[in-house]
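Structure file structure.cif; described as mmCIF, C-alpha atoms.
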```cif
data_entry
#
loop_
_atom_site.label_atom_id
_atom_site.label_comp_id
_atom_site.auth_asym_id
_atom_site.auth_seq_id
_atom_site.Cartn_x
_atom_site.Cartn_y
_atom_site.Cartn_z
CA MET A 437 136.81 -5.04 -4.45
CA LEU A 438 133.27 -6.25 -4.62
CA LYS A 439 131.92 -2.78 -3.98
CA LYS A 440 133.88 -1.39 -6.92
CA ILE A 441 132.53 -4.13 -9.19
CA ASP A 442 128.97 -3.41 -7.99
CA LEU A 443 129.34 0.31 -8.67
CA TYR A 444 130.95 -0.39 -12.05
CA ILE A 445 128.12 -2.67 -13.21
CA LEU A 446 125.39 -0.45 -11.72
CA LYS A 447 126.83 2.61 -13.46
CA ARG A 448 126.94 0.76 -16.79
CA TYR A 449 123.37 -0.46 -16.22
CA LEU A 450 121.91 3.00 -15.61
CA VAL A 451 124.06 4.89 -18.13
CA THR A 452 123.36 2.42 -20.96
CA PHE A 453 119.62 2.45 -20.23
CA SER A 454 119.56 6.26 -20.17
CA THR A 455 121.60 6.41 -23.38
CA MET A 456 119.21 3.99 -25.07
CA LEU A 457 116.31 6.28 -24.18
CA LEU A 458 118.16 9.39 -25.36
CA LEU A 459 118.98 7.69 -28.68
CA PHE A 460 115.62 6.16 -29.54
CA VAL A 461 113.17 8.79 -28.27
CA PRO A 462 114.50 11.50 -30.67
CA ILE A 463 114.27 8.94 -33.50
CA GLY A 464 110.63 8.33 -32.55
CA ILE A 465 110.00 12.10 -32.52
CA ILE A 466 111.58 12.54 -35.97
CA ILE A 467 109.50 9.73 -37.43
CA ASP A 468 106.33 11.14 -35.85
CA VAL A 469 107.05 14.65 -37.16
CA SER A 470 107.67 13.36 -40.69
CA GLU A 471 104.36 11.47 -40.63
CA LYS A 472 102.19 14.13 -38.94
CA ILE A 473 103.56 17.47 -40.10
CA ASN A 474 101.04 17.76 -42.96
CA LYS A 475 98.11 17.19 -40.59
CA MET A 476 99.48 19.72 -38.09
CA VAL A 477 99.81 22.38 -40.79
CA GLU A 478 96.44 21.51 -42.31
CA ASN A 479 94.66 21.76 -38.93
CA GLN A 480 96.66 24.85 -37.88
CA ALA A 481 98.06 23.35 -34.68
CA PRO A 482 99.68 26.14 -32.55
CA LEU A 483 103.44 25.90 -32.06
CA ASP A 484 103.16 25.96 -28.26
CA LYS A 485 100.74 23.02 -28.34
CA ILE A 486 103.06 21.14 -30.72
CA ALA A 487 105.95 21.68 -28.30
CA LEU A 488 103.86 20.41 -25.36
CA TYR A 489 102.70 17.48 -27.50
CA TYR A 490 106.27 16.32 -28.05
CA ILE A 491 107.11 16.65 -24.37
CA ASP A 492 104.11 14.43 -23.62
CA PHE A 493 105.07 12.19 -26.57
CA THR A 494 108.53 11.66 -25.07
CA ILE A 495 107.11 10.52 -21.72
CA TYR A 496 104.37 8.42 -23.33
CA PHE A 497 106.73 6.82 -25.87
CA ALA A 498 109.43 6.04 -23.25
CA ASN A 499 106.87 4.43 -20.92
CA LEU A 500 105.29 2.43 -23.76
CA LEU A 501 108.60 0.92 -24.92
CA PHE A 502 110.20 0.76 -21.48
CA PRO A 503 110.60 -3.07 -21.50
CA ILE A 504 112.36 -3.06 -24.89
CA PHE A 505 114.73 -0.22 -23.97
CA LEU A 506 115.64 -1.82 -20.65
CA PHE A 507 116.16 -5.28 -22.11
CA LEU A 508 118.31 -4.18 -25.05
CA SER A 509 120.48 -1.90 -22.91
CA ILE A 510 121.31 -4.76 -20.52
CA ILE A 511 121.98 -7.12 -23.43
CA TRP A 512 124.28 -4.52 -24.96
CA PHE A 513 126.57 -3.77 -22.04
CA THR A 514 126.56 -7.28 -20.55
CA SER A 515 127.56 -8.74 -23.94
CA LYS A 516 130.46 -6.29 -24.02
CA LEU A 517 131.51 -7.48 -20.56
CA ALA A 518 131.34 -11.08 -21.76
CA ASN A 519 133.26 -10.42 -24.98
CA ASN A 520 135.99 -8.67 -22.99
CA THR A 521 136.10 -11.74 -20.69
CA GLU A 522 135.35 -9.46 -17.72
CA ILE A 523 132.53 -11.74 -16.53
CA ILE A 524 134.83 -14.77 -16.64
CA ALA A 525 137.38 -12.87 -14.54
CA ILE A 526 134.71 -11.82 -12.01
CA LEU A 527 133.30 -15.34 -11.62
CA SER A 528 136.78 -16.90 -11.54
CA SER A 529 137.65 -14.78 -8.51
CA GLY A 530 135.16 -16.79 -6.49
CA ILE A 531 132.08 -14.56 -6.84
CA SER A 532 128.88 -16.58 -7.35
CA PHE A 533 126.53 -15.86 -10.21
CA GLN A 534 123.85 -14.78 -7.68
CA ARG A 535 126.33 -12.29 -6.20
CA PHE A 536 127.21 -11.11 -9.71
CA LEU A 537 123.49 -10.38 -10.26
CA ARG A 538 123.23 -8.12 -7.20
CA PRO A 539 124.05 -4.77 -8.89
CA TYR A 540 121.69 -5.69 -11.74
CA ILE A 541 118.85 -6.28 -9.27
CA PHE A 542 119.68 -3.02 -7.51
CA GLY A 543 119.60 -1.22 -10.86
CA ALA A 544 116.29 -2.88 -11.70
CA SER A 545 114.94 -1.66 -8.35
CA ILE A 546 115.86 1.93 -9.18
CA VAL A 547 114.33 1.72 -12.66
CA SER A 548 111.24 -0.04 -11.27
CA VAL A 549 110.59 2.63 -8.63
CA VAL A 550 111.00 5.42 -11.20
CA SER A 551 108.67 3.59 -13.60
CA LEU A 552 106.13 3.03 -10.83
CA LEU A 553 106.09 6.71 -9.81
CA MET A 554 105.88 7.82 -13.44
CA GLY A 555 102.99 5.43 -14.06
CA PHE A 556 101.17 6.74 -10.98
CA TYR A 557 101.57 10.48 -11.57
CA LEU A 558 103.53 11.63 -14.64
CA VAL A 559 102.40 9.27 -17.42
CA PRO A 560 98.64 9.95 -16.87
CA LYS A 561 99.15 13.68 -17.41
CA ALA A 562 101.35 13.01 -20.44
CA SER A 563 98.77 10.58 -21.83
CA ASP A 564 96.07 13.23 -21.50
CA GLY A 565 98.08 15.83 -23.39
CA PHE A 566 99.35 13.36 -25.98
CA LYS A 567 95.97 11.85 -26.85
CA THR A 568 94.02 15.12 -26.65
CA PHE A 569 96.40 16.67 -29.20
CA ARG A 570 96.14 13.63 -31.48
CA TYR A 571 92.35 13.62 -31.43
CA THR A 572 92.16 17.40 -31.81
CA TYR A 573 94.63 17.90 -34.64
CA LEU A 574 95.69 14.57 -36.15
CA ILE A 575 92.82 12.06 -36.31
CA GLY A 576 89.83 11.88 -38.64
CA ASN A 577 86.93 13.95 -37.34
CA GLY A 578 89.16 15.43 -34.67
CA ILE A 579 87.90 16.08 -31.19
CA ASN A 580 84.55 14.33 -31.80
CA GLU A 581 86.36 10.98 -31.86
CA MET A 582 87.63 11.54 -28.31
CA ARG A 583 84.24 10.68 -26.87
CA GLU A 584 81.70 7.90 -26.96
CA TYR A 585 78.43 8.97 -28.53
CA LYS A 586 76.62 5.66 -29.13
CA ASP A 587 74.88 3.07 -26.95
CA ILE A 588 75.55 4.79 -23.63
CA TYR A 589 74.37 3.11 -20.41
CA ARG A 590 74.54 4.81 -17.02
CA GLN A 591 73.39 4.10 -13.47
CA ILE A 592 72.39 7.50 -12.09
CA SER A 593 71.25 6.35 -8.63
CA PRO A 594 71.15 3.07 -6.68
CA ASN A 595 67.87 2.12 -8.36
CA GLU A 596 67.76 4.18 -11.58
CA TYR A 597 69.34 3.44 -14.96
CA ILE A 598 69.36 5.32 -18.26
CA TYR A 599 70.21 4.47 -21.86
CA VAL A 600 70.58 6.61 -25.01
CA SER A 601 71.32 5.28 -28.48
CA THR A 602 73.26 8.36 -29.64
CA PHE A 603 74.34 11.72 -28.25
CA ASN A 604 75.24 14.88 -30.18
CA GLY A 605 77.83 16.85 -28.23
CA ASP A 606 77.30 20.04 -30.27
CA THR A 607 73.51 20.32 -30.01
CA LYS A 608 73.30 18.53 -26.62
CA PHE A 609 70.59 16.26 -27.98
CA ALA A 610 70.35 12.54 -27.12
CA PHE A 611 68.14 10.12 -29.02
CA LYS A 612 66.13 7.00 -28.08
CA PHE A 613 66.22 7.85 -24.39
CA CYS A 614 65.11 5.34 -21.76
CA MET A 615 65.14 5.61 -17.96
CA GLU A 616 64.13 2.73 -15.67
CA ARG A 617 63.49 2.75 -11.93
CA PHE A 618 63.59 -0.44 -9.88
CA ASP A 619 62.42 -1.50 -6.45
CA GLY A 620 64.85 -4.30 -5.70
CA ASN A 621 64.69 -6.48 -8.80
CA LYS A 622 61.23 -5.26 -9.79
CA LEU A 623 60.74 -2.62 -12.49
CA THR A 624 58.38 0.07 -11.17
CA THR A 625 58.70 2.97 -13.65
CA LYS A 626 59.92 3.30 -17.23
CA VAL A 627 60.30 6.61 -19.07
CA THR A 628 61.04 6.70 -22.81
CA ALA A 629 61.50 9.62 -25.17
CA ASP A 630 62.26 9.96 -28.84
CA ARG A 631 64.93 12.54 -27.93
CA ILE A 632 66.05 14.71 -25.01
CA ARG A 633 67.86 18.03 -24.85
CA TRP A 634 70.05 19.43 -22.10
CA ASN A 635 69.25 23.03 -21.12
CA GLN A 636 72.43 24.76 -20.06
CA LYS A 637 70.64 27.73 -18.47
CA ASP A 638 69.09 25.77 -15.59
CA SER A 639 70.70 22.31 -16.10
CA THR A 640 67.35 20.67 -16.79
CA TYR A 641 66.41 18.25 -19.55
CA THR A 642 63.58 18.55 -22.07
CA LEU A 643 62.01 15.27 -23.18
CA PHE A 644 60.23 15.11 -26.56
CA ASP A 645 57.50 12.57 -27.38
CA CYS A 646 57.74 11.23 -23.86
CA VAL A 647 55.95 8.19 -22.45
CA LYS A 648 56.02 7.42 -18.73
CA ARG A 649 54.81 3.97 -17.69
CA LYS A 650 54.15 3.16 -14.03
CA ILE A 651 54.10 -0.59 -13.50
CA ARG A 652 51.20 -1.62 -11.29
CA LYS A 653 49.45 -4.88 -10.56
CA GLY A 654 46.56 -5.31 -12.93
CA ASN A 655 46.79 -2.09 -14.97
CA ASP A 656 49.82 0.00 -15.83
CA ILE A 657 49.48 3.79 -15.74
CA LEU A 658 50.58 5.60 -18.92
CA GLU A 659 51.40 9.30 -19.15
CA LYS A 660 52.17 10.79 -22.57
CA SER A 661 53.44 14.24 -23.46
CA THR A 662 54.90 15.84 -26.57
CA GLN A 663 57.33 17.94 -24.52
CA LYS A 664 58.26 17.84 -20.85
CA ASP A 665 60.92 19.58 -18.77
CA THR A 666 62.40 17.58 -15.92
CA VAL A 667 65.44 17.25 -13.65
CA ILE A 668 67.62 14.15 -14.09
CA PRO A 669 70.56 13.54 -11.71
CA LEU A 670 72.95 13.19 -14.63
CA ASP A 671 76.00 15.26 -15.59
CA ILE A 672 75.81 16.03 -19.32
CA ASN A 673 79.48 14.98 -19.68
CA ASP A 674 78.47 11.48 -18.57
CA LEU A 675 76.62 11.14 -21.86
CA SER A 676 79.85 11.58 -23.80
CA PRO A 677 82.70 10.05 -21.78
CA VAL A 678 86.28 10.47 -23.04
CA ILE A 679 87.31 7.09 -24.43
CA PHE A 680 90.82 7.25 -22.93
CA LYS A 681 89.75 8.73 -19.58
CA ALA A 682 91.27 5.91 -17.50
CA GLU A 683 94.74 6.49 -18.96
CA THR A 684 94.72 10.13 -17.80
CA LEU A 685 94.07 9.43 -14.11
CA THR A 686 96.51 8.95 -11.25
CA VAL A 687 96.27 5.60 -9.48
CA GLY A 688 94.06 6.89 -6.65
CA ASP A 689 91.70 8.70 -9.00
CA LEU A 690 91.63 5.68 -11.29
CA ARG A 691 90.48 3.38 -8.46
CA ASP A 692 87.69 5.84 -7.60
CA PHE A 693 86.78 6.15 -11.28
CA ILE A 694 86.54 2.36 -11.70
CA GLU A 695 84.31 2.04 -8.63
CA LYS A 696 82.08 4.86 -9.89
CA GLU A 697 81.82 3.29 -13.34
CA ARG A 698 81.06 -0.11 -11.81
CA GLN A 699 78.15 1.40 -9.89
CA ARG A 700 76.93 2.98 -13.12
CA GLY A 701 76.98 -0.38 -14.85
CA SER A 702 79.65 0.64 -17.38
CA ALA A 703 80.54 -1.98 -19.99
CA ASN A 704 84.19 -0.81 -20.06
CA ILE A 705 85.26 -1.91 -16.58
CA SER A 706 87.69 -4.49 -18.01
CA VAL A 707 89.41 -1.79 -20.09
CA TYR A 708 89.84 0.43 -17.04
CA GLU A 709 91.13 -2.42 -14.87
CA VAL A 710 93.74 -3.34 -17.49
CA VAL A 711 95.07 0.23 -17.28
CA LEU A 712 95.18 0.00 -13.47
CA TYR A 713 96.93 -3.36 -13.24
CA LYS A 714 99.52 -2.43 -15.86
CA LYS A 715 100.70 0.39 -13.61
CA PHE A 716 101.98 -2.34 -11.28
CA SER A 717 102.92 -5.11 -13.73
CA ILE A 718 105.26 -3.03 -15.92
CA PRO A 719 107.63 -2.06 -13.04
CA VAL A 720 107.78 -5.73 -11.94
CA SER A 721 108.80 -6.68 -15.48
CA ALA A 722 112.03 -4.72 -14.92
CA PHE A 723 113.31 -7.49 -12.61
CA ILE A 724 112.20 -10.33 -14.88
CA LEU A 725 113.67 -8.80 -18.03
CA THR A 726 116.89 -7.92 -16.21
CA ILE A 727 117.44 -11.55 -15.14
CA ILE A 728 116.63 -12.85 -18.65
CA ALA A 729 118.94 -10.32 -20.28
CA VAL A 730 121.87 -11.13 -17.97
CA ALA A 731 121.35 -14.90 -18.38
CA VAL A 732 121.22 -14.59 -22.19
CA SER A 733 124.18 -12.25 -22.64
CA SER A 734 126.58 -13.24 -19.84
CA MET A 735 128.15 -16.09 -21.84
CA LYS A 736 130.56 -15.49 -24.69
CA ARG A 737 129.03 -16.79 -27.94
CA ARG A 738 130.55 -17.66 -31.28
CA GLY A 739 128.35 -15.05 -32.98
CA GLY A 740 129.55 -12.39 -30.56
CA MET A 741 127.40 -9.43 -29.48
CA GLY A 742 125.30 -9.64 -32.63
CA MET A 743 123.96 -13.05 -31.67
CA ASN A 744 123.08 -11.83 -28.17
CA LEU A 745 121.35 -8.75 -29.56
CA ALA A 746 119.35 -10.80 -32.06
CA LEU A 747 118.21 -13.17 -29.31
CA GLY A 748 117.49 -10.23 -27.03
CA ILE A 749 115.35 -8.45 -29.63
CA LEU A 750 113.38 -11.65 -30.22
CA ILE A 751 112.67 -12.09 -26.49
CA ALA A 752 111.88 -8.38 -25.94
CA PHE A 753 109.38 -8.21 -28.78
CA SER A 754 107.89 -11.53 -27.68
CA TYR A 755 107.24 -9.98 -24.27
CA VAL A 756 105.58 -6.91 -25.82
CA PHE A 757 103.54 -9.20 -28.11
CA PHE A 758 102.25 -11.29 -25.19
CA ASP A 759 101.55 -8.13 -23.18
CA LYS A 760 99.42 -6.65 -25.99
CA ILE A 761 97.63 -9.90 -26.82
CA PHE A 762 96.56 -10.62 -23.25
CA GLY A 763 95.64 -6.97 -22.72
CA VAL A 764 93.24 -7.14 -25.67
CA LEU A 765 91.87 -10.49 -24.49
CA ALA A 766 91.12 -8.97 -21.09
CA GLU A 767 89.23 -6.10 -22.72
CA LYS A 768 87.31 -8.18 -25.27
CA SER A 769 86.78 -11.58 -23.61
CA SER A 770 85.83 -13.11 -20.28
CA ILE A 771 89.43 -13.46 -19.04
CA PRO A 772 89.79 -11.55 -15.72
CA PRO A 773 91.87 -8.38 -16.33
CA PHE A 774 94.17 -9.09 -13.37
CA THR A 775 94.98 -12.57 -14.69
CA ALA A 776 95.48 -11.38 -18.28
CA VAL A 777 97.79 -8.51 -17.30
CA TRP A 778 100.02 -10.71 -15.13
CA ILE A 779 100.22 -13.76 -17.44
CA PRO A 780 103.15 -12.33 -19.50
CA ASN A 781 105.13 -11.71 -16.31
CA VAL A 782 104.39 -15.24 -15.09
CA ILE A 783 105.44 -16.80 -18.43
CA PHE A 784 108.64 -14.77 -18.69
CA GLY A 785 109.29 -15.23 -14.97
CA ILE A 786 109.40 -18.98 -15.55
CA LEU A 787 111.68 -18.37 -18.55
CA ALA A 788 113.94 -16.19 -16.38
CA TYR A 789 114.20 -18.94 -13.76
CA TYR A 790 115.10 -21.54 -16.40
CA LEU A 791 117.70 -19.33 -18.10
CA LEU A 792 119.20 -18.34 -14.75
CA LYS A 793 119.73 -21.98 -13.75
CA HIS A 794 121.31 -22.67 -17.15
CA ALA A 795 123.55 -19.59 -16.88
CA LYS A 796 124.85 -20.72 -13.48
CA ARG A 797 126.21 -23.87 -15.05
#
```
Starting from the file, lay out its structure as structure tokens.
Amino acid sequence: MLKKIDLYILKRYLVTFSTMLLLFVPIGIIIDVSEKINKMVENQAPLDKIALYYIDFTIYFANLLFPIFLFLSIIWFTSKLANNTEIIAILSSGISFQRFLRPYIFGASIVSVVSLLMGFYLVPKASDGFKTFRYTYLIGNGINEMREYKDIYRQISPNEYIYVSTFNGDTKFAFKFCMERFDGNKLTTKVTADRIRWNQKDSTYTLFDCVKRKIRKGNDILEKSTQKDTVIPLDINDLSPVIFKAETLTVGDLRDFIEKERQRGSANISVYEVVLYKKFSIPVSAFILTIIAVAVSSMKRRGGMGMNLALGILIAFSYVFFDKIFGVLAEKSSIPPFTAVWIPNVIFGILAYYLLKHAKR
């Protein structure tokens, strides 16, 4: 008897969640097409790239709104169970509320594992295709906005650092170049140039109006030249990093990328760490939101299913709001990214515990 109830609830859990995705994702696609079709035609986006864009859009959109879809689907079918007095019958037969939750938790485990694997491997590839298409065909100056071209800092070796104020990806020129070499904490050499150019033929750099200062006790040594060719251990692509690079990497590559950027002295480490930690926090939210949804919708209310849905929408959007707010705070303030990413789950975990205790009574 219990096994049949488990399978019945689990089937409703997964089918309703899948149906919610199948209903809302096409709506999102239709809205996106209606808003972007003029830009696509204007920028002559190929049909095959548009088709791939909407495949990537589907994966990206579903992952982005995963908490809302999951929460509303559970609210929907659990409210129907409550309105049909099925939950009362189940609990009256002697089944505890914790036992009643078991198929929900099992369903959340399935959804969480799928979400985790998608976040590790499938979503990064979809994010790359989705955002590359948007920047190429839909946004402002197009592909130029995909990359950072101003105030670029890089660590190119354990004791060497460079800075350029701007970089032109078309001409391969960088302006206001500065390279510093340290011995421990002591500056030993500083090279500045009004501009530098990358030479594709031999992968060298040409420095214009160059000044090299060797720091010595007593008198510094200055070397000036109007033009100088040199080798710098720097990949030209490092001067124009893709702004959404972290979102396009699998979890292993992302860890390596963060460590590499940390060694380079990147100012965007917090942004990259937020992307990494969210790959783990979003799947965990499946359990928290499942418990909240069941606790909210398992009792029969005077307002019926509409009242449960209204309350569910309020809680779901509150979760998304907190998730976005703390994500931005992690990127723009001194709050540790790990702490900021997990705060929404902690807050709503406490709420889930409170609602669960109330629902038991």
Which residues are near segment 625-627 of chain A? Cut-off 9 Å, all atoms listed in the file, ignore same chain within fewer than 5 positions. Put them as a PDB file with C-alpha atoms, in the coordinates of the input.
```pdb
ATOM      1  CA  PHE A 613      66.220   7.850 -24.390  1.00  0.00           C
ATOM      2  CA  CYS A 614      65.110   5.340 -21.760  1.00  0.00           C
ATOM      3  CA  MET A 615      65.140   5.610 -17.960  1.00  0.00           C
ATOM      4  CA  GLU A 616      64.130   2.730 -15.670  1.00  0.00           C
ATOM      5  CA  ARG A 617      63.490   2.750 -11.930  1.00  0.00           C
ATOM      6  CA  PHE A 618      63.590  -0.440  -9.880  1.00  0.00           C
ATOM      7  CA  CYS A 646      57.740  11.230 -23.860  1.00  0.00           C
ATOM      8  CA  VAL A 647      55.950   8.190 -22.450  1.00  0.00           C
ATOM      9  CA  LYS A 648      56.020   7.420 -18.730  1.00  0.00           C
ATOM     10  CA  ARG A 649      54.810   3.970 -17.690  1.00  0.00           C
ATOM     11  CA  LYS A 650      54.150   3.160 -14.030  1.00  0.00           C
ATOM     12  CA  ILE A 651      54.100  -0.590 -13.500  1.00  0.00           C
TER      13      ILE A 651
END
```
Q: Would you work out the distance separating atom CA of Gly555 of chain A from atom CA of Ile588 of chain A, expressed in Å to one decimal?
A: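 The value is 29.1 Å.
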**OP:** Run the PyMOL selection byres ((chain A and resi 485-492) around 10) on the file and write out the hits as a PyMOL selection string.
**Re:** chain A and resi 462+465+468-469+476+481-484+493-498+558-570+573
re atom CA of Phe644 of chain A and atom CA of Gln663 of chain A: distance 4.5 Å
- prompt: Please, what distance in Å, to one decimal, runs between atom CA of Ile511 of chain A and atom CA of Lys714 of chain A?
  reply: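 So the two atoms, atom CA of Ile511 of chain A and atom CA of Lys714 of chain A, lie 24.2 Å apart.
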- [ ] With the file shown as input, list the residues that the PyMOL selection byres ((chain A and resi 765-779) around 9) selects, as a PyMOL selection string.
- [x] chain A and resi 704-710+713-714+717+758-764+780-784
Excluding Tyr597 of chain A and any residue of its chain fewer than 2 positions from it, enumerate the residues within 8 Å of it, using only C-alpha atoms, and give them as a compact mmCIF listing (two decimals) with C-alpha atoms, keeping the file's coordinate frame.
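Output file around.txt is given in full below:
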```txt
# COMPACT_ATOMS: atom_id res chain seq x y z
CA TYR A 589 74.37 3.11 -20.41
CA ARG A 590 74.54 4.81 -17.02
CA GLN A 591 73.39 4.10 -13.47
CA ILE A 592 72.39 7.50 -12.09
CA SER A 593 71.25 6.35 -8.63
CA ASN A 595 67.87 2.12 -8.36
CA TYR A 599 70.21 4.47 -21.86
CA MET A 615 65.14 5.61 -17.96
CA GLU A 616 64.13 2.73 -15.67
CA ARG A 617 63.49 2.75 -11.93
CA ARG A 700 76.93 2.98 -13.12
```
Taking the file as shown, what set of residues would the PyMOL selection byres ((chain A and resi 536) around 9) give back, as a PDB file with C-alpha atoms, in the coordinates of the input?
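Output file expr.pdb follows:
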```pdb
ATOM      1  CA  ILE A 441     132.530  -4.130  -9.190  1.00  0.00           C
ATOM      2  CA  ASP A 442     128.970  -3.410  -7.990  1.00  0.00           C
ATOM      3  CA  ILE A 523     132.530 -11.740 -16.530  1.00  0.00           C
ATOM      4  CA  ILE A 526     134.710 -11.820 -12.010  1.00  0.00           C
ATOM      5  CA  LEU A 527     133.300 -15.340 -11.620  1.00  0.00           C
ATOM      6  CA  ILE A 531     132.080 -14.560  -6.840  1.00  0.00           C
ATOM      7  CA  SER A 532     128.880 -16.580  -7.350  1.00  0.00           C
ATOM      8  CA  PHE A 533     126.530 -15.860 -10.210  1.00  0.00           C
ATOM      9  CA  GLN A 534     123.850 -14.780  -7.680  1.00  0.00           C
ATOM     10  CA  ARG A 535     126.330 -12.290  -6.200  1.00  0.00           C
ATOM     11  CA  LEU A 537     123.490 -10.380 -10.260  1.00  0.00           C
ATOM     12  CA  ARG A 538     123.230  -8.120  -7.200  1.00  0.00           C
ATOM     13  CA  PRO A 539     124.050  -4.770  -8.890  1.00  0.00           C
ATOM     14  CA  TYR A 540     121.690  -5.690 -11.740  1.00  0.00           C
TER      15      TYR A 540
END
```
Grab segment 531-537 of chain A from that structure and dump all heavy atoms to a file, as an mmCIF file, in the first residue's frame.
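Contents of part30.cif, freshly written:
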```cif
data_model
loop_
_atom_site.group_PDB
_atom_site.id
_atom_site.type_symbol
_atom_site.label_atom_id
_atom_site.label_comp_id
_atom_site.auth_asym_id
_atom_site.auth_seq_id
_atom_site.Cartn_x
_atom_site.Cartn_y
_atom_site.Cartn_z
ATOM 1 N N ILE A 531 -0.052 6.912 8.550
ATOM 2 C CA ILE A 531 1.234 7.317 7.982
ATOM 3 C C ILE A 531 1.634 8.671 8.572
ATOM 4 O O ILE A 531 0.836 9.602 8.600
ATOM 5 C CB ILE A 531 1.144 7.414 6.440
ATOM 6 C CG1 ILE A 531 0.819 6.046 5.845
ATOM 7 C CG2 ILE A 531 2.447 7.957 5.849
ATOM 8 C CD1 ILE A 531 0.580 6.068 4.361
ATOM 9 N N SER A 532 2.869 8.783 9.044
ATOM 10 C CA SER A 532 3.344 10.048 9.603
ATOM 11 C C SER A 532 3.622 11.047 8.480
ATOM 12 O O SER A 532 3.789 10.667 7.320
ATOM 13 C CB SER A 532 4.611 9.817 10.425
ATOM 14 O OG SER A 532 5.675 9.410 9.583
ATOM 15 N N PHE A 533 3.696 12.312 8.883
ATOM 16 C CA PHE A 533 3.967 13.343 7.883
ATOM 17 C C PHE A 533 5.374 13.164 7.299
ATOM 18 O O PHE A 533 5.589 13.390 6.102
ATOM 19 C CB PHE A 533 3.840 14.745 8.502
ATOM 20 C CG PHE A 533 3.680 15.830 7.481
ATOM 21 C CD1 PHE A 533 2.438 16.152 6.969
ATOM 22 C CD2 PHE A 533 4.781 16.543 7.032
ATOM 23 C CE1 PHE A 533 2.284 17.151 6.018
ATOM 24 C CE2 PHE A 533 4.650 17.545 6.083
ATOM 25 C CZ PHE A 533 3.395 17.851 5.579
ATOM 26 N N GLN A 534 6.336 12.733 8.147
ATOM 27 C CA GLN A 534 7.692 12.468 7.645
ATOM 28 C C GLN A 534 7.673 11.355 6.600
ATOM 29 O O GLN A 534 8.376 11.435 5.585
ATOM 30 C CB GLN A 534 8.635 12.071 8.787
ATOM 31 C CG GLN A 534 8.924 13.203 9.770
ATOM 32 C CD GLN A 534 7.991 13.149 10.968
ATOM 33 O OE1 GLN A 534 6.806 12.830 10.821
ATOM 34 N NE2 GLN A 534 8.531 13.460 12.149
ATOM 35 N N ARG A 535 6.865 10.319 6.860
ATOM 36 C CA ARG A 535 6.764 9.215 5.895
ATOM 37 C C ARG A 535 6.066 9.678 4.617
ATOM 38 O O ARG A 535 6.431 9.273 3.514
ATOM 39 C CB ARG A 535 5.978 8.062 6.536
ATOM 40 C CG ARG A 535 5.805 6.854 5.613
ATOM 41 C CD ARG A 535 7.158 6.244 5.269
ATOM 42 N NE ARG A 535 7.026 5.146 4.330
ATOM 43 C CZ ARG A 535 6.913 5.284 3.026
ATOM 44 N NH1 ARG A 535 6.900 6.492 2.481
ATOM 45 N NH2 ARG A 535 6.835 4.230 2.242
ATOM 46 N N PHE A 536 5.108 10.572 4.766
ATOM 47 C CA PHE A 536 4.419 11.139 3.610
ATOM 48 C C PHE A 536 5.388 11.938 2.731
ATOM 49 O O PHE A 536 5.256 11.972 1.502
ATOM 50 C CB PHE A 536 3.275 12.039 4.098
ATOM 51 C CG PHE A 536 2.628 12.860 3.030
ATOM 52 C CD1 PHE A 536 1.863 12.275 2.029
ATOM 53 C CD2 PHE A 536 2.787 14.246 3.014
ATOM 54 C CE1 PHE A 536 1.270 13.043 1.035
ATOM 55 C CE2 PHE A 536 2.185 15.022 2.035
ATOM 56 C CZ PHE A 536 1.424 14.424 1.047
ATOM 57 N N LEU A 537 6.400 12.545 3.362
ATOM 58 C CA LEU A 537 7.379 13.351 2.626
ATOM 59 C C LEU A 537 8.372 12.511 1.825
ATOM 60 O O LEU A 537 9.035 13.036 0.926
ATOM 61 C CB LEU A 537 8.176 14.227 3.600
ATOM 62 C CG LEU A 537 7.636 15.617 3.938
ATOM 63 C CD1 LEU A 537 8.528 16.257 4.987
ATOM 64 C CD2 LEU A 537 7.573 16.487 2.703
#
```
